[in-house]
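**Q** So that we are looking at the same thing, I have put the structure below in structure tokens.
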Protein chains: 2
Amino acid sequence: MKRILPVLTLLFATARVQAQQEDSLMIRRIADEILVNGKAYDNLRQLTKQIGGRLAGSPQMVKAEQWGLALMQQSGADKAWMQQCMVPHWVRGGKDEMWSTVIVSQKKLSGPDARIENKFYDVVALGNSVGSGPNGVKGEVMLVNSFDELEKRKDEVKGKIVFYNYRFNDKFINTFHAYRDAGQYRGQGPSRASKYGAVGVIIRSLSNATDNSPHTGATRYDSAYAKIPAVAVGLRHADGLAEYLKNNKVYMTIKTNGKFLPDTIGHNIIGELKGTEFPDEIITVGGHLDSWDNCEGAHDDGAGCVQTIEILRALKAIGYQPKHTIRFVLFANEENGLRGGNKYAEEAKANNEKHLLAMESDAGGFTPRAIGFSGTEQQYAKVAAWKTLLAPYGCTEIANGGGGADIGPLNRALKTPTASLNPDPQRYFDIHHARTDVFEAVNKRELELGAINMAAFIYLVDKYGL
Amino acid sequence: MKRILPVLTLLFATARVQAQQEDSLMIRRIADEILVNGKAYDNLRQLTKQIGGRLAGSPQMVKAEQWGLALMQQSGADKAWMQQCMVPHWVRGGKDEMWSTVIVSQKKLSGPDARIENKFYDVVALGNSVGSGPNGVKGEVMLVNSFDELEKRKDEVKGKIVFYNYRFNDKFINTFHAYRDAGQYRGQGPSRASKYGAVGVIIRSLSNATDNSPHTGATRYDSAYAKIPAVAVGLRHADGLAEYLKNNKVYMTIKTNGKFLPDTIGHNIIGELKGTEFPDEIITVGGHLDSWDNCEGAHDDGAGCVQTIEILRALKAIGYQPKHTIRFVLFANEENGLRGGNKYAEEAKANNEKHLLAMESDAGGFTPRAIGFSGTEQQYAKVAAWKTLLAPYGCTEIANGGGGADIGPLNRALKTPTASLNPDPQRYFDIHHARTDVFEAVNKRELELGAINMAAFIYLVDKYGL
């Protein structure tokens, strides 16, 4: 026995090295296929340039669904279908506007900032915002830097337009932390101001960009208070307005045209590669097909959609036959409802499906840096060991914690482990929900490398389970 | 003794943890200073938009030198000076042109590619290229995919224009490997074709961009052969020409106007923070001030220059007093001569200077991924242990091997260890030496994070030595 053990240990070690080499070669094959024959970039061009922004309920949503279904079929899915769900149908309804009307100047400014009356600001209504009516809402602008300040000065709010000038915190290295930190003003700001009688809300765009494009995104009204119009203002204009307010009173008019039409029919677009050994165990990978209407939704989340389809195409192209069933999903209505993600989870639960993993790409098509993973500690230890296989392709970290909005419901319904592609976050909030989120902001190889790392991770989960 | 040893071990371990915490806090201070008060981005805007391309010997070089010197002084250098060196003075001399003249068609094409006679190609002469004379050079285009093919078909070369269509290899994950692989065609291509009687050379641009901008860069003539005009062609035009040549003969005219004027005076721009403990031991950090003339030289290497100055500014702003002398250097003439780097090393050697480390940023202002380091194994082991301190800021790797063109001479003269900032390489060759290397291609935070990681590394070398 004493002589057999070392031999067995050696055999296991050899087998492990051999498996690692096999995995390394397989991932290299996937990478070569995507880098040399990749279609993700051209597909993204089609989605962004031929269809464009595609908010839930819009005609572009319908076009994008057809595009996605056809592409799933062309890319080699064994089966592709549309999973119906009802989606909200908010429309912007026209151009959002904001301009200063009356100024009570306590101190004259000189230079380019001096002209402030009838100054038009670059704004965009927040998603879900109500319309102001044809004459707009008018009021004195009250700048607050935080909810704390709002609460302290709540008696001053009545009849005013509250301007939340909370800044994106540049000190966060990961810009998603700054987004989370500032995001509450977009989500809760309108209702918290309305509670004290505000007639409208301006928020500083959730961004650290160097330009002046305003950034939209969903707000959530608290039904206890009147719904008031809410716009985001570009950062340079936010700075200018804040500067002016130091010494002056500014009266502003905000004109928005948003409204909800009745809920309408939308779809998750699903393609499938059937598993050869465990056809009833499902690995889901996806992004969301909808985007805001004021942009092309190239990074958010056209990138995630074309990466998802590229993984399907590449696995099929190299003749890979998965052990488990892999589902490629373009989710509906992530931006202002999450109805697609909810529907996917509901059906999975109703059908007693077994889900091994759900993975999402919804943080931009930038150069990949990490895979995020949420599961048991044992599962995390297992996937973390794959780091050396992914590192050559950019994901030098397997982060403990990862998922996405669309796959959250599946996790909650079935305790499915979730994973995310974590690309470099520095450029994301420059363009997120702004008119600058266009095809030209995406780099072909960065997009492809994202798909490669996701495909490699899925391959490893398919081979070794969790 | 048995009881003292564990206590001592514990004390050392505690001291080490404390030192790590101190370092972590100091790096956080540097990072906050750069992220909140950073001037690198605005400085880069000045350099690129007010001065622009600044090839050695050009009037823009002189302006850039003055700009750099003033900025070193404003940013807090104890001392700033210009180190004179003679630099080559190549001028492009006018617009580079290439057009097809006579076509012998064996197979008619249809569609947009059909019109090939008198088709103008998007080209740029390689740096150092000779002029063609006012009438240009004319010849039949001979496409070769490699030097091997050239050698095999050397008898066909006489009187022709050789078109090296060697592709950037998309399979390399690190694009610098693809650049090194394809770079020989730009460097040696003209003389190797001239050896067999070619009258001109076209090279496929050294890039994997999705656009058609041609990429220049230095070529090196072998004095044994006639110097012939050489241009780089944009990738889409290269593909189109290659496609056409499958079934047709194409005669091309190339017109270039390049020439060398007499060598002229240039300068390295140097700022210094004097060391408090080891003033005679020098840490050098730098980038190169020159750039090609057909672009703004924003990533190559305006980024390295403004990062260098930002490190000076930030260390001074937080009141850091280095133990060693730190020199901040904007090197002259990296692109087509390396006279600045050579001069710096010569003077260091002549003055018996002691150099602890030289570090360079010359791979673009993109999001940082690694620090490269070249020194002894012992030194590498020491710096590699700093990885956990840098990782939160993006450099998740300390790579074994690093340096830069400008600090190479110092390494050869004094065996000085060298280091480099290794940013993400995916976007670099999209814009490298092309008209698209402009300020707008640089992201503020990515640029700043590069400076942060370099500053942190320099701080650690200053504190702990090598």
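As shown in the structure tokens, the chain order sets the letters A, B, ...; within each chain, residues go from 1, and ligands are also counted from 1 in the order they appear.
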Could you please tell me, as a list in words, which residues of chain B have an atom within 8 Å of chain A when using only C-alpha atoms?

**A**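 Using only C-alpha atoms, chain B residues at most 8 Å from chain A: Ala31, Asp32, Leu35, Val36, Asp170, Lys171, Ile173, Thr210, Thr367, Pro392, Tyr393, Thr396, Asp424, Gln426, Arg427, Asn443, Lys444, Arg445 and Glu446 of chain B.
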
**Q** So that I can check the surroundings of B:Tyr344, please list as JSON, numbers by chain every protein, DNA and RNA residue that reaches within 9 Å of it, counting only C-alpha atoms and ignoring chain neighbours fewer than 6 positions away.

**A** {"B": [83, 268, 331, 406, 407, 409, 410]}

**Q** Just give me the gap between atom CA of A:Gly365 and atom CA of A:Ile311 in Å, one decimal is fine.

**A**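 Taking atom CA of A:Gly365 and atom CA of A:Ile311, their separation equals 14.1 Å.
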
**Q** In Å, how far is it from atom CA of B:Lys195 to atom CA of B:Arg153?

**A**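 Separation of atom CA of B:Lys195 and atom CA of B:Arg153: 12.7 Å.
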
**Q** If I take atom CA of B:Lys138 and atom CA of B:Val231, how far is one from the other in Å, to one decimal?

**A**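 Computed distance, atom CA of B:Lys138 to atom CA of B:Val231, equals 13.3 Å.
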
**Q** Apply DSSP to the backbone of this structure and, from stretch 248-339 of chain A, keep only the residues in alpha helix (DSSP H); write these as a PyMOL selection string.

**A** chain A and resi 303-317+339

**Q** List the neighbours of stretch 63-69 of chain A out to 12 Å using only C-alpha atoms; skip same-chain residues closer than 5 positions along the sequence, and give me the result as a ChimeraX atom specification.

**A** /A:43-44,46-58,74-77,79-84,265-272,286-291,296-297,302,305-306,308-310,328-333

**Q** The selected residues should be written to file as a CSV table (one decimal), in the first residue's frame (atoms: C-alpha atoms).

**A**
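Final file, again_26.csv:
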chain,number,residue,atom,x,y,z
A,43,ASN,CA,-24.0,41.7,-35.6
A,44,LEU,CA,-23.8,44.7,-33.2
A,46,GLN,CA,-26.8,45.7,-37.5
A,47,LEU,CA,-28.6,45.9,-34.1
A,48,THR,CA,-27.4,49.5,-33.4
A,49,LYS,CA,-27.4,51.0,-36.9
A,50,GLN,CA,-30.3,49.3,-38.5
A,51,ILE,CA,-32.6,49.1,-35.5
A,52,GLY,CA,-31.2,51.5,-32.9
A,53,GLY,CA,-32.7,52.2,-29.4
A,54,ARG,CA,-35.3,49.6,-28.6
A,55,LEU,CA,-37.2,50.3,-25.4
A,56,ALA,CA,-39.8,47.8,-24.3
A,57,GLY,CA,-43.0,48.3,-26.3
A,58,SER,CA,-41.4,50.3,-29.1
A,74,GLN,CA,-28.5,31.2,-38.3
A,75,SER,CA,-25.9,30.7,-35.6
A,76,GLY,CA,-26.7,27.1,-35.1
A,77,ALA,CA,-29.2,26.8,-32.3
A,79,LYS,CA,-34.1,25.2,-31.4
A,80,ALA,CA,-35.0,28.9,-31.1
A,81,TRP,CA,-38.2,30.4,-29.8
A,82,MET,CA,-39.8,33.5,-28.4
A,83,GLN,CA,-41.0,33.4,-24.8
A,84,GLN,CA,-43.9,35.8,-24.5
A,265,ILE,CA,-46.5,42.0,-25.7
A,266,GLY,CA,-42.8,41.5,-25.6
A,267,HIS,CA,-40.5,38.4,-25.7
A,268,ASN,CA,-37.4,36.8,-24.4
A,269,ILE,CA,-35.6,35.4,-27.4
A,270,ILE,CA,-34.2,32.0,-26.7
A,271,GLY,CA,-31.8,29.7,-28.6
A,272,GLU,CA,-30.8,26.3,-27.3
A,286,GLY,CA,-27.6,36.0,-21.8
A,287,GLY,CA,-27.9,39.8,-22.1
A,288,HIS,CA,-30.9,42.1,-22.4
A,289,LEU,CA,-32.3,43.1,-25.8
A,290,ASP,CA,-34.0,46.3,-24.7
A,291,SER,CA,-32.2,49.6,-24.4
A,296,GLU,CA,-28.2,52.9,-29.7
A,297,GLY,CA,-27.7,50.7,-26.7
A,302,GLY,CA,-26.2,45.2,-27.4
A,305,CYS,CA,-26.7,40.2,-26.8
A,306,VAL,CA,-24.1,39.7,-29.5
A,308,THR,CA,-24.4,35.6,-26.2
A,309,ILE,CA,-25.1,34.8,-29.8
A,310,GLU,CA,-21.3,34.6,-30.6
A,328,PHE,CA,-28.8,31.6,-25.0
A,329,VAL,CA,-31.2,34.2,-24.0
A,330,LEU,CA,-31.9,37.8,-25.0
A,331,PHE,CA,-34.0,39.1,-22.2
A,332,ALA,CA,-36.9,41.6,-22.6
A,333,ASN,CA,-37.4,44.8,-20.7

**Q** From a DSSP calculation on the backbone, collect every residue of stretch 240-447 of chain A in strand (DSSP E) and output the set as a PyMOL selection string.

**A** chain A and resi 248-255+259-273+278-288+324-331+354-360+368-374+397-400+418-423
